[in-house]
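Enquirer: structure39.cif is reproduced below (mmCIF, C-alpha atoms).
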```
data_input
#
loop_
_atom_site.group_PDB
_atom_site.id
_atom_site.type_symbol
_atom_site.label_atom_id
_atom_site.label_comp_id
_atom_site.auth_asym_id
_atom_site.auth_seq_id
_atom_site.Cartn_x
_atom_site.Cartn_y
_atom_site.Cartn_z
ATOM 1 C CA MET A 187 -11.881 -5.529 -15.200
ATOM 2 C CA SER A 188 -12.058 -9.253 -15.781
ATOM 3 C CA THR A 189 -12.484 -10.503 -19.306
ATOM 4 C CA ALA A 190 -14.635 -13.381 -20.565
ATOM 5 C CA THR A 191 -11.926 -15.817 -19.551
ATOM 6 C CA GLY A 192 -11.834 -14.333 -16.071
ATOM 7 C CA HIS A 193 -8.304 -13.088 -16.491
ATOM 8 C CA ILE A 194 -7.411 -10.015 -14.451
ATOM 9 C CA ASP A 195 -4.497 -7.927 -15.671
ATOM 10 C CA ALA A 196 -3.021 -7.186 -12.263
ATOM 11 C CA ALA A 197 0.376 -6.298 -13.746
ATOM 12 C CA GLY A 198 -1.175 -3.684 -16.073
ATOM 13 C CA LYS A 199 -3.202 -2.095 -13.284
ATOM 14 C CA LYS A 200 -0.141 -1.898 -11.094
ATOM 15 C CA MET A 201 1.889 -0.301 -13.891
ATOM 16 C CA GLY A 202 -0.813 2.350 -14.362
ATOM 17 C CA MET A 203 -0.682 3.203 -10.671
ATOM 18 C CA TRP A 204 3.096 3.509 -10.735
ATOM 19 C CA PHE A 205 2.896 5.888 -13.717
ATOM 20 C CA PHE A 206 0.544 8.066 -11.692
ATOM 21 C CA LEU A 207 2.957 7.942 -8.753
ATOM 22 C CA PHE A 208 5.819 9.076 -11.044
ATOM 23 C CA THR A 209 3.807 12.220 -11.876
ATOM 24 C CA GLU A 210 3.214 12.679 -8.147
ATOM 25 C CA ILE A 211 6.967 12.462 -7.498
ATOM 26 C CA LEU A 212 7.532 15.307 -9.966
ATOM 27 C CA PHE A 213 4.576 17.254 -8.526
ATOM 28 C CA PHE A 214 5.979 17.204 -4.984
ATOM 29 C CA GLY A 215 9.505 17.386 -6.429
ATOM 30 C CA GLY A 216 8.842 20.903 -7.727
ATOM 31 C CA MET A 217 8.068 22.046 -4.197
ATOM 32 C CA PHE A 218 11.108 20.260 -2.761
ATOM 33 C CA LEU A 219 13.161 22.117 -5.387
ATOM 34 C CA LEU A 220 11.748 25.470 -4.211
ATOM 35 C CA TYR A 221 12.451 24.509 -0.613
ATOM 36 C CA SER A 222 16.088 23.623 -1.295
ATOM 37 C CA ILE A 223 16.820 26.760 -3.324
ATOM 38 C CA TYR A 224 15.317 29.100 -0.723
ATOM 39 C CA ARG A 225 16.895 27.193 2.126
ATOM 40 C CA TYR A 226 20.234 27.736 0.405
ATOM 41 C CA LYS A 227 19.558 31.452 -0.077
ATOM 42 C CA TYR A 228 18.058 32.099 3.395
ATOM 43 C CA ALA A 229 19.789 29.516 5.606
ATOM 44 C CA GLN A 230 19.602 31.615 8.787
ATOM 45 C CA ASP A 231 15.939 32.619 8.301
ATOM 46 C CA PHE A 232 14.962 28.981 7.720
ATOM 47 C CA HIS A 233 16.879 28.016 10.858
ATOM 48 C CA ASN A 234 15.011 30.619 12.933
ATOM 49 C CA ALA A 235 11.593 29.852 11.464
ATOM 50 C CA ALA A 236 11.941 26.078 11.896
ATOM 51 C CA ALA A 237 12.423 26.625 15.653
ATOM 52 C CA GLU A 238 8.723 27.590 15.662
ATOM 53 C CA GLU A 239 7.698 24.040 14.690
ATOM 54 C CA ASN A 240 6.356 21.591 17.281
ATOM 55 C CA ILE A 241 8.815 18.671 17.141
ATOM 56 C CA VAL A 242 6.741 16.450 19.455
ATOM 57 C CA LEU A 243 3.621 16.672 17.283
ATOM 58 C CA GLY A 244 5.688 16.251 14.107
ATOM 59 C CA THR A 245 7.378 13.124 15.484
ATOM 60 C CA VAL A 246 4.103 11.621 16.732
ATOM 61 C CA ASN A 247 2.550 12.228 13.312
ATOM 62 C CA THR A 248 5.502 10.511 11.605
ATOM 63 C CA ALA A 249 5.081 7.462 13.842
ATOM 64 C CA ILE A 250 1.324 7.428 13.107
ATOM 65 C CA LEU A 251 1.839 7.479 9.327
ATOM 66 C CA LEU A 252 4.568 4.794 9.449
ATOM 67 C CA THR A 253 2.254 2.568 11.505
ATOM 68 C CA SER A 254 -0.683 3.208 9.172
ATOM 69 C CA SER A 255 1.515 2.073 6.280
ATOM 70 C CA LEU A 256 2.153 -1.183 8.148
ATOM 71 C CA CYS A 257 -1.617 -1.641 8.631
ATOM 72 C CA ILE A 258 -2.536 -1.211 4.954
ATOM 73 C CA ALA A 259 0.327 -3.546 3.930
ATOM 74 C CA LEU A 260 -0.931 -6.176 6.393
ATOM 75 C CA SER A 261 -4.512 -5.735 5.142
ATOM 76 C CA ILE A 262 -3.385 -6.646 1.610
ATOM 77 C CA ALA A 263 -1.527 -9.715 2.886
ATOM 78 C CA ALA A 264 -4.661 -10.653 4.864
ATOM 79 C CA ILE A 265 -7.057 -10.488 1.890
ATOM 80 C CA ARG A 266 -4.596 -12.590 -0.121
ATOM 81 C CA ARG A 267 -4.937 -15.273 2.544
ATOM 82 C CA GLY A 268 -8.719 -14.859 2.236
ATOM 83 C CA GLU A 269 -9.157 -13.176 5.630
ATOM 84 C CA ARG A 270 -11.856 -10.693 4.658
ATOM 85 C CA PHE A 271 -12.847 -9.375 8.093
ATOM 86 C CA PHE A 272 -9.293 -9.022 9.375
ATOM 87 C CA SER A 273 -8.366 -7.160 6.173
ATOM 88 C CA SER A 274 -11.356 -4.796 6.490
ATOM 89 C CA TRP A 275 -10.520 -4.167 10.124
ATOM 90 C CA LEU A 276 -6.908 -3.285 9.250
ATOM 91 C CA GLN A 277 -8.161 -0.898 6.557
ATOM 92 C CA LEU A 278 -10.405 0.834 9.088
ATOM 93 C CA VAL A 279 -7.469 1.159 11.493
ATOM 94 C CA THR A 280 -5.497 2.775 8.643
ATOM 95 C CA ILE A 281 -8.293 5.301 8.085
ATOM 96 C CA VAL A 282 -8.460 6.089 11.816
ATOM 97 C CA MET A 283 -4.705 6.757 11.803
ATOM 98 C CA GLY A 284 -5.013 8.968 8.721
ATOM 99 C CA VAL A 285 -7.736 10.974 10.471
ATOM 100 C CA ALA A 286 -5.620 11.170 13.649
ATOM 101 C CA PHE A 287 -2.767 12.550 11.539
ATOM 102 C CA LEU A 288 -5.069 15.239 10.126
ATOM 103 C CA VAL A 289 -6.469 16.144 13.555
ATOM 104 C CA ILE A 290 -2.931 16.649 14.902
ATOM 105 C CA LYS A 291 -2.112 18.688 11.783
ATOM 106 C CA TYR A 292 -5.200 20.807 12.483
ATOM 107 C CA PHE A 293 -3.968 21.624 16.007
ATOM 108 C CA GLU A 294 -0.501 22.448 14.665
ATOM 109 C CA TRP A 295 -1.930 24.832 12.074
ATOM 110 C CA MET A 296 -4.289 26.399 14.612
ATOM 111 C CA ALA A 297 -1.424 26.979 17.083
ATOM 112 C CA LYS A 298 0.392 28.928 14.351
ATOM 113 C CA ILE A 299 -2.668 30.822 13.206
ATOM 114 C CA ASP A 300 -3.388 31.798 16.838
ATOM 115 C CA ILE A 301 -0.023 33.561 17.112
ATOM 116 C CA GLY A 302 -0.684 35.274 13.793
ATOM 117 C CA ILE A 303 1.441 33.108 11.481
ATOM 118 C CA TYR A 304 -0.622 32.453 8.374
ATOM 119 C CA PRO A 305 -0.217 33.542 4.743
ATOM 120 C CA ASP A 306 -0.351 37.323 4.303
ATOM 121 C CA SER A 307 -0.889 37.986 8.038
ATOM 122 C CA PRO A 308 0.474 41.279 9.466
ATOM 123 C CA VAL A 309 2.707 39.314 11.890
ATOM 124 C CA LEU A 310 4.178 37.190 9.096
ATOM 125 C CA LEU A 311 4.764 40.129 6.748
ATOM 126 C CA LYS A 312 6.889 41.833 9.433
ATOM 127 C CA MET A 313 9.235 38.829 9.549
ATOM 128 C CA ALA A 314 12.434 38.368 7.548
ATOM 129 C CA GLY A 315 12.070 37.445 3.865
ATOM 130 C CA GLY A 316 13.291 33.885 4.318
ATOM 131 C CA GLU A 317 10.916 33.252 7.234
ATOM 132 C CA ILE A 318 7.941 34.366 5.123
ATOM 133 C CA ILE A 319 9.020 31.886 2.446
ATOM 134 C CA PHE A 320 9.554 29.125 5.023
ATOM 135 C CA PHE A 321 6.030 29.428 6.412
ATOM 136 C CA GLY A 322 4.591 29.802 2.911
ATOM 137 C CA LEU A 323 6.256 26.542 1.886
ATOM 138 C CA TYR A 324 5.177 24.959 5.188
ATOM 139 C CA TYR A 325 1.498 25.706 4.549
ATOM 140 C CA VAL A 326 1.594 24.733 0.867
ATOM 141 C CA MET A 327 3.577 21.509 1.303
ATOM 142 C CA THR A 328 1.914 20.207 4.464
ATOM 143 C CA GLY A 329 -1.434 21.384 3.089
ATOM 144 C CA LEU A 330 -1.092 19.490 -0.184
ATOM 145 C CA HIS A 331 0.267 16.486 1.708
ATOM 146 C CA GLY A 332 -2.716 16.663 4.095
ATOM 147 C CA LEU A 333 -5.050 16.768 1.098
ATOM 148 C CA HIS A 334 -3.401 13.556 -0.143
ATOM 149 C CA VAL A 335 -3.962 11.942 3.267
ATOM 150 C CA LEU A 336 -7.627 12.994 3.162
ATOM 151 C CA VAL A 337 -8.080 11.577 -0.362
ATOM 152 C CA GLY A 338 -6.320 8.385 0.766
ATOM 153 C CA CYS A 339 -8.742 7.974 3.690
ATOM 154 C CA VAL A 340 -11.769 8.342 1.388
ATOM 155 C CA VAL A 341 -10.329 5.873 -1.155
ATOM 156 C CA ILE A 342 -9.524 3.314 1.576
ATOM 157 C CA ALA A 343 -13.118 3.673 2.863
ATOM 158 C CA PHE A 344 -14.347 2.628 -0.605
ATOM 159 C CA MET A 345 -11.898 -0.296 -0.570
ATOM 160 C CA THR A 346 -13.269 -1.436 2.793
ATOM 161 C CA ARG A 347 -16.748 -1.435 1.288
ATOM 162 C CA PHE A 348 -15.529 -3.442 -1.735
ATOM 163 C CA THR A 349 -13.765 -5.873 0.586
ATOM 164 C CA MET A 350 -16.935 -6.408 2.611
ATOM 165 C CA LYS A 351 -18.981 -6.838 -0.600
ATOM 166 C CA GLN A 352 -16.269 -9.288 -1.737
ATOM 167 C CA THR A 353 -15.673 -7.543 -5.081
ATOM 168 C CA ILE A 354 -12.172 -7.255 -3.649
ATOM 169 C CA ASN A 355 -11.165 -10.809 -2.815
ATOM 170 C CA ARG A 356 -8.119 -13.060 -2.788
ATOM 171 C CA GLU A 357 -8.213 -13.372 -6.606
ATOM 172 C CA ASN A 358 -8.889 -9.692 -7.272
ATOM 173 C CA VAL A 359 -6.719 -7.495 -5.063
ATOM 174 C CA ALA A 360 -5.474 -4.935 -7.609
ATOM 175 C CA ARG A 361 -7.581 -2.000 -6.399
ATOM 176 C CA LEU A 362 -6.541 -2.492 -2.786
ATOM 177 C CA GLU A 363 -2.911 -3.001 -3.892
ATOM 178 C CA ASN A 364 -2.968 0.290 -5.799
ATOM 179 C CA THR A 365 -4.561 2.070 -2.844
ATOM 180 C CA GLY A 366 -1.733 0.691 -0.716
ATOM 181 C CA LEU A 367 0.883 1.985 -3.185
ATOM 182 C CA TYR A 368 -0.707 5.439 -3.033
ATOM 183 C CA TRP A 369 -0.814 5.388 0.779
ATOM 184 C CA HIS A 370 2.849 4.352 1.024
ATOM 185 C CA PHE A 371 3.810 7.095 -1.424
ATOM 186 C CA VAL A 372 2.064 9.708 0.741
ATOM 187 C CA ASP A 373 3.981 8.229 3.684
ATOM 188 C CA ILE A 374 7.292 8.689 1.816
ATOM 189 C CA VAL A 375 6.487 12.353 1.084
ATOM 190 C CA TRP A 376 5.978 12.884 4.821
ATOM 191 C CA ILE A 377 9.234 11.023 5.589
ATOM 192 C CA TYR A 378 10.998 13.897 3.767
ATOM 193 C CA LEU A 379 8.751 16.736 4.987
ATOM 194 C CA TYR A 380 9.400 15.778 8.618
ATOM 195 C CA PRO A 381 13.177 16.458 8.687
ATOM 196 C CA LEU A 382 12.906 19.456 6.339
ATOM 197 C CA PHE A 383 10.381 21.359 8.446
ATOM 198 C CA TYR A 384 10.827 20.016 11.980
ATOM 199 C CA LEU A 385 14.392 18.771 12.435
ATOM 200 C CA ILE A 386 16.799 20.821 10.339
ATOM 201 C CA THR A 387 17.124 23.934 12.459
ATOM 202 C CA MET B 115 0.554 -12.660 -19.665
ATOM 203 C CA LYS B 116 1.855 -14.861 -16.900
ATOM 204 C CA ASP B 117 1.531 -13.495 -13.387
ATOM 205 C CA THR B 118 4.943 -12.489 -12.134
ATOM 206 C CA SER B 119 5.927 -13.221 -8.576
ATOM 207 C CA ALA B 120 5.339 -9.642 -7.481
ATOM 208 C CA GLU B 121 1.581 -9.892 -8.057
ATOM 209 C CA THR B 122 1.001 -13.132 -6.220
ATOM 210 C CA ARG B 123 3.670 -13.145 -3.555
ATOM 211 C CA ILE B 124 2.475 -12.787 0.027
ATOM 212 C CA ILE B 125 5.141 -11.127 2.127
ATOM 213 C CA PRO B 126 5.082 -12.639 5.639
ATOM 214 C CA SER B 127 3.671 -10.424 8.402
ATOM 215 C CA ARG B 128 6.912 -10.924 10.303
ATOM 216 C CA THR B 129 8.819 -9.146 7.498
ATOM 217 C CA TYR B 130 6.373 -6.232 7.554
ATOM 218 C CA ALA B 131 6.630 -5.962 11.342
ATOM 219 C CA ALA B 132 10.441 -5.996 11.156
ATOM 220 C CA VAL B 133 10.412 -3.212 8.531
ATOM 221 C CA TRP B 134 8.015 -1.174 10.691
ATOM 222 C CA LEU B 135 10.287 -1.598 13.735
ATOM 223 C CA ALA B 136 13.299 -0.530 11.667
ATOM 224 C CA LEU B 137 11.374 2.568 10.521
ATOM 225 C CA LEU B 138 10.591 3.533 14.127
ATOM 226 C CA VAL B 139 14.228 2.985 15.158
ATOM 227 C CA LEU B 140 15.323 5.236 12.275
ATOM 228 C CA LEU B 141 12.766 7.840 13.377
ATOM 229 C CA ALA B 142 14.349 7.827 16.847
ATOM 230 C CA ALA B 143 17.812 7.992 15.259
ATOM 231 C CA THR B 144 16.968 10.999 13.084
ATOM 232 C CA LEU B 145 15.523 12.784 16.126
ATOM 233 C CA ALA B 146 18.708 12.036 18.089
ATOM 234 C CA VAL B 147 21.000 13.249 15.282
ATOM 235 C CA SER B 148 19.139 16.554 15.072
ATOM 236 C CA ARG B 149 19.080 17.139 18.862
ATOM 237 C CA LEU B 150 22.670 16.255 19.767
ATOM 238 C CA GLN B 151 24.919 19.301 19.654
ATOM 239 C CA VAL B 152 27.968 17.167 18.807
ATOM 240 C CA LEU B 153 26.368 16.092 15.557
ATOM 241 C CA ALA B 154 24.946 19.527 14.714
ATOM 242 C CA GLN B 155 27.187 20.041 11.698
ATOM 243 C CA TYR B 156 25.992 16.765 10.174
ATOM 244 C CA SER B 157 22.303 17.345 10.954
ATOM 245 C CA VAL B 158 21.207 18.260 7.415
ATOM 246 C CA LEU B 159 23.143 15.487 5.711
ATOM 247 C CA GLY B 160 22.306 12.970 8.472
ATOM 248 C CA SER B 161 18.574 13.739 8.470
ATOM 249 C CA LEU B 162 18.278 13.459 4.696
ATOM 250 C CA LEU B 163 20.340 10.259 4.614
ATOM 251 C CA ILE B 164 18.132 8.653 7.274
ATOM 252 C CA ALA B 165 14.999 9.861 5.451
ATOM 253 C CA THR B 166 16.293 8.221 2.269
ATOM 254 C CA VAL B 167 16.945 4.933 4.070
ATOM 255 C CA LYS B 168 13.382 5.088 5.482
ATOM 256 C CA ALA B 169 11.938 5.845 2.038
ATOM 257 C CA GLY B 170 13.984 2.963 0.623
ATOM 258 C CA LEU B 171 12.567 0.532 3.191
ATOM 259 C CA VAL B 172 8.998 1.631 2.420
ATOM 260 C CA LEU B 173 9.643 1.311 -1.329
ATOM 261 C CA ALA B 174 11.399 -2.058 -1.126
ATOM 262 C CA PHE B 175 9.030 -3.875 1.237
ATOM 263 C CA PHE B 176 5.710 -2.035 1.716
ATOM 264 C CA MET B 177 5.555 -1.166 -2.001
ATOM 265 C CA HIS B 178 7.315 -4.498 -2.773
ATOM 266 C CA LEU B 179 9.690 -2.906 -5.271
ATOM 267 C CA LYS B 180 12.283 -5.474 -4.154
ATOM 268 C CA TYR B 181 10.236 -8.166 -5.914
ATOM 269 C CA GLU B 182 9.506 -6.147 -9.072
ATOM 270 C CA GLY B 183 11.211 -6.572 -12.413
ATOM 271 C CA ARG B 184 13.882 -4.367 -13.949
ATOM 272 C CA PHE B 185 11.386 -2.417 -16.059
ATOM 273 C CA LEU B 186 9.542 -0.820 -13.143
ATOM 274 C CA LYS B 187 12.737 -0.228 -11.183
ATOM 275 C CA GLY B 188 14.248 1.422 -14.253
ATOM 276 C CA LEU B 189 11.243 3.712 -14.697
ATOM 277 C CA LEU B 190 11.435 4.814 -11.066
ATOM 278 C CA LEU B 191 15.139 5.453 -11.469
ATOM 279 C CA LEU B 192 14.419 7.501 -14.612
ATOM 280 C CA THR B 193 11.870 9.632 -12.718
ATOM 281 C CA LEU B 194 14.281 10.225 -9.844
ATOM 282 C CA ALA B 195 17.067 11.017 -12.316
ATOM 283 C CA ALA B 196 14.824 13.612 -14.011
ATOM 284 C CA LEU B 197 14.058 15.228 -10.645
ATOM 285 C CA THR B 198 17.765 15.215 -9.712
ATOM 286 C CA LEU B 199 18.560 16.842 -13.056
ATOM 287 C CA PHE B 200 15.959 19.592 -12.482
ATOM 288 C CA ILE B 201 17.326 20.301 -9.013
ATOM 289 C CA GLY B 202 20.943 20.131 -10.196
ATOM 290 C CA LEU B 203 20.406 22.490 -13.148
ATOM 291 C CA THR B 204 18.465 24.965 -11.001
ATOM 292 C CA PHE B 205 21.250 24.997 -8.416
ATOM 293 C CA ALA B 206 23.831 25.493 -11.173
ATOM 294 C CA ASP B 207 21.820 28.540 -12.219
ATOM 295 C CA VAL B 208 21.617 29.895 -8.665
ATOM 296 C CA TRP B 209 25.330 29.358 -7.990
ATOM 297 C CA TYR B 210 26.727 30.892 -11.170
ATOM 298 C CA ARG B 211 24.267 33.717 -11.658
#
```
Turn the structure described in the file into structure tokens.

Expert:
Amino acid sequence: MSTATGHIDAAGKKMGMWFFLFTEILFFGGMFLLYSIYRYKYAQDFHNAAAEENIVLGTVNTAILLTSSLCIALSIAAIRRGERFFSSWLQLVTIVMGVAFLVIKYFEWMAKIDIGIYPDSPVLLKMAGGEIIFFGLYYVMTGLHGLHVLVGCVVIAFMTRFTMKQTINRENVARLENTGLYWHFVDIVWIYLYPLFYLIT
Amino acid sequence: MKDTSAETRIIPSRTYAAVWLALLVLLAATLAVSRLQVLAQYSVLGSLLIATVKAGLVLAFFMHLKYEGRFLKGLLLLTLAALTLFIGLTFADVWYR
């Protein structure tokens, strides 16, 4: 918040956000650790299970998230030039892309659930040990990542409102900046999930 | 405290667009590496290397880490080192059990 002198501690706010992101790195890191250990122990099962993934949808979703990251970055540059409407519009485009990502994810999950692959399902429990672990990790990791995308969309929606109300403006961008950092971080998590679940077969 | 360049700098849209294009090219590259039979034996290493380059681009430009001071870069490095240590120690346990 601004003080009596109108000074805004942008550097402090940014540092706080980065500290939060460090905890997020360790949070997702724990799951990446599980993935790598079990991949090492059940290489063949992981190879077989990954063949079940839809590479086209996974690749499209990667492109969507990368593009959404560009949009939020451009929206921050726009508000810094004082272009309020252009910035808001770019934020809305980012939200639309986040929602598109989740809709595609929904169809991917449903396609698996339709053929009986979901946690504790009779079909899954008949599979090899490593395949059960692969799909377990798939649901947990993409699920928690999807939750982050959903939270990001809601937070960006608030930022759009603040931008329109001009409480976010060219002198006070910290909240939008931090939202951008969060969105890019979620993008980076997906950058690693994509090869681990879709490509490495 | 004086504003450092990272807080006030406006990165040109052209730079952002170039980074985005590079990310899409790398996406195509990682897809190609995983599909080509010739490169099959390098697919794990190749995919993770390309993912790390992509993550680096996002960090450096979209998250403007390139323009940040040593303190923040050091903290990120420390976090990644901690994660590497956890993974390394766990693998040491799995290998020599």

Enquirer: Within 7 Å of chain A, which residues of chain B show up? Give each one with its shortest atom-to-atom distance in Å (one decimal) and the two atoms involved, counting only C-alpha atoms, rows by chain then rising residue number, as CSV.

Expert:
```
residue,atom,partner,partner_atom,distance
B:Glu121,CA,A:Ala196,CA,6.8
B:Ile124,CA,A:Ala263,CA,5.8
B:Ile125,CA,A:Ala263,CA,6.9
B:Ser127,CA,A:Leu260,CA,6.6
B:Tyr130,CA,A:Leu256,CA,6.6
B:Trp134,CA,A:Leu256,CA,6.4
B:Leu138,CA,A:Ala249,CA,6.8
B:Ser148,CA,A:Leu385,CA,5.9
B:Ser157,CA,A:Ile386,CA,6.5
B:Val158,CA,A:Ile386,CA,5.9
B:Ser161,CA,A:Pro381,CA,6.0
B:Ala165,CA,A:Ile377,CA,5.9
B:Ala169,CA,A:Ile374,CA,5.5
B:Val172,CA,A:His370,CA,6.9
B:Phe176,CA,A:Ala259,CA,6.0
B:Met177,CA,A:Leu367,CA,5.8
B:Thr193,CA,A:Phe208,CA,6.3
B:Leu197,CA,A:Leu212,CA,6.6
B:Ile201,CA,A:Leu219,CA,5.8
B:Phe205,CA,A:Ile223,CA,7.0
```

Enquirer: Please identify all polymer residues within 10 Å of Gln352 in chain A, counting all atoms listed in the file, omitting same-chain residues fewer than 6 positions from it, and present them as a list in words.

Expert: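 The neighbour list is Ile265, Arg270, Thr346 and Asn358 of chain A.
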
Enquirer: At what distance in Å, to one decimal, does CA of Thr198 in chain B lie from CA of Val326 in chain A?

Expert: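 Atom-to-atom, CA of Val326 in chain A to CA of Thr198 in chain B, that is 21.5 Å.
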
Enquirer: Name the residues in contact with Arg225 in chain A at a cut-off of 10 Å, using all atoms listed in the file, excluding same-chain residues fewer than 3 positions from it; report them as number ranges by chain.

Expert: A: 219-222, 228-233, 316-317, 319-320, 382

Enquirer: Show which residues sit within 8 Å of Leu278 in chain A, as a list in words. Count all atoms listed in the file, and ignore same-chain residues fewer than 4 positions away.

Expert: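 With the cut-off at 8 Å, the set is Ser274, Val282, Ile342, Ala343 and Thr346 of chain A.
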
Enquirer: I'd like the interatomic distance between CA of Asn355 in chain A and CA of Phe272 in chain A, to a tenth of an Å.

Expert: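 Pair CA of Asn355 in chain A / CA of Phe272 in chain A returns 12.5 Å.
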
Enquirer: Please identify all polymer residues within 8 Å of His331 in chain A, counting all atoms listed in the file, omitting same-chain residues fewer than 2 positions from it, and present them as a PyMOL selection string.

Expert: chain A and resi 327-329+333-335+372+375-376

Enquirer: Could you complete range 303-320 of chain A so that it carries N, CA and C atoms, and give it back as a CSV table (one decimal), keeping the file's coordinate frame?

Expert:
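Dumped everything to out.csv:
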```
chain,number,residue,atom,x,y,z
A,303,ILE,N,0.6,33.6,12.6
A,303,ILE,CA,1.4,33.1,11.5
A,303,ILE,C,0.5,32.4,10.5
A,304,TYR,N,0.1,33.1,9.5
A,304,TYR,CA,-0.6,32.5,8.4
A,304,TYR,C,-0.4,33.3,7.2
A,305,PRO,N,-0.6,32.8,5.9
A,305,PRO,CA,-0.2,33.5,4.7
A,305,PRO,C,-0.8,35.0,4.7
A,306,ASP,N,0.1,35.9,4.5
A,306,ASP,CA,-0.4,37.3,4.3
A,306,ASP,C,-0.7,38.0,5.6
A,307,SER,N,-0.5,37.4,6.8
A,307,SER,CA,-0.9,38.0,8.0
A,307,SER,C,0.1,39.1,8.4
A,308,PRO,N,-0.4,40.1,9.1
A,308,PRO,CA,0.5,41.3,9.5
A,308,PRO,C,1.7,40.8,10.2
A,309,VAL,N,1.6,39.8,11.1
A,309,VAL,CA,2.7,39.3,11.9
A,309,VAL,C,3.7,38.7,10.9
A,310,LEU,N,3.3,37.9,10.0
A,310,LEU,CA,4.2,37.2,9.1
A,310,LEU,C,4.9,38.2,8.2
A,311,LEU,N,4.2,39.2,7.7
A,311,LEU,CA,4.8,40.1,6.7
A,311,LEU,C,5.8,41.0,7.4
A,312,LYS,N,5.8,41.1,8.7
A,312,LYS,CA,6.9,41.8,9.4
A,312,LYS,C,8.2,41.0,9.6
A,313,MET,N,8.1,39.7,9.3
A,313,MET,CA,9.2,38.8,9.5
A,313,MET,C,10.2,39.0,8.4
A,314,ALA,N,11.4,38.3,8.6
A,314,ALA,CA,12.4,38.4,7.5
A,314,ALA,C,11.9,37.6,6.3
A,315,GLY,N,12.5,38.0,5.1
A,315,GLY,CA,12.1,37.4,3.9
A,315,GLY,C,12.1,35.9,3.8
A,316,GLY,N,13.2,35.3,4.3
A,316,GLY,CA,13.3,33.9,4.3
A,316,GLY,C,12.3,33.2,5.2
A,317,GLU,N,11.9,33.8,6.3
A,317,GLU,CA,10.9,33.3,7.2
A,317,GLU,C,9.5,33.2,6.6
A,318,ILE,N,9.2,34.3,5.8
A,318,ILE,CA,7.9,34.4,5.1
A,318,ILE,C,7.9,33.2,4.1
A,319,ILE,N,9.0,33.0,3.4
A,319,ILE,CA,9.0,31.9,2.4
A,319,ILE,C,8.9,30.5,3.1
A,320,PHE,N,9.6,30.4,4.3
A,320,PHE,CA,9.6,29.1,5.0
A,320,PHE,C,8.1,28.8,5.4
```
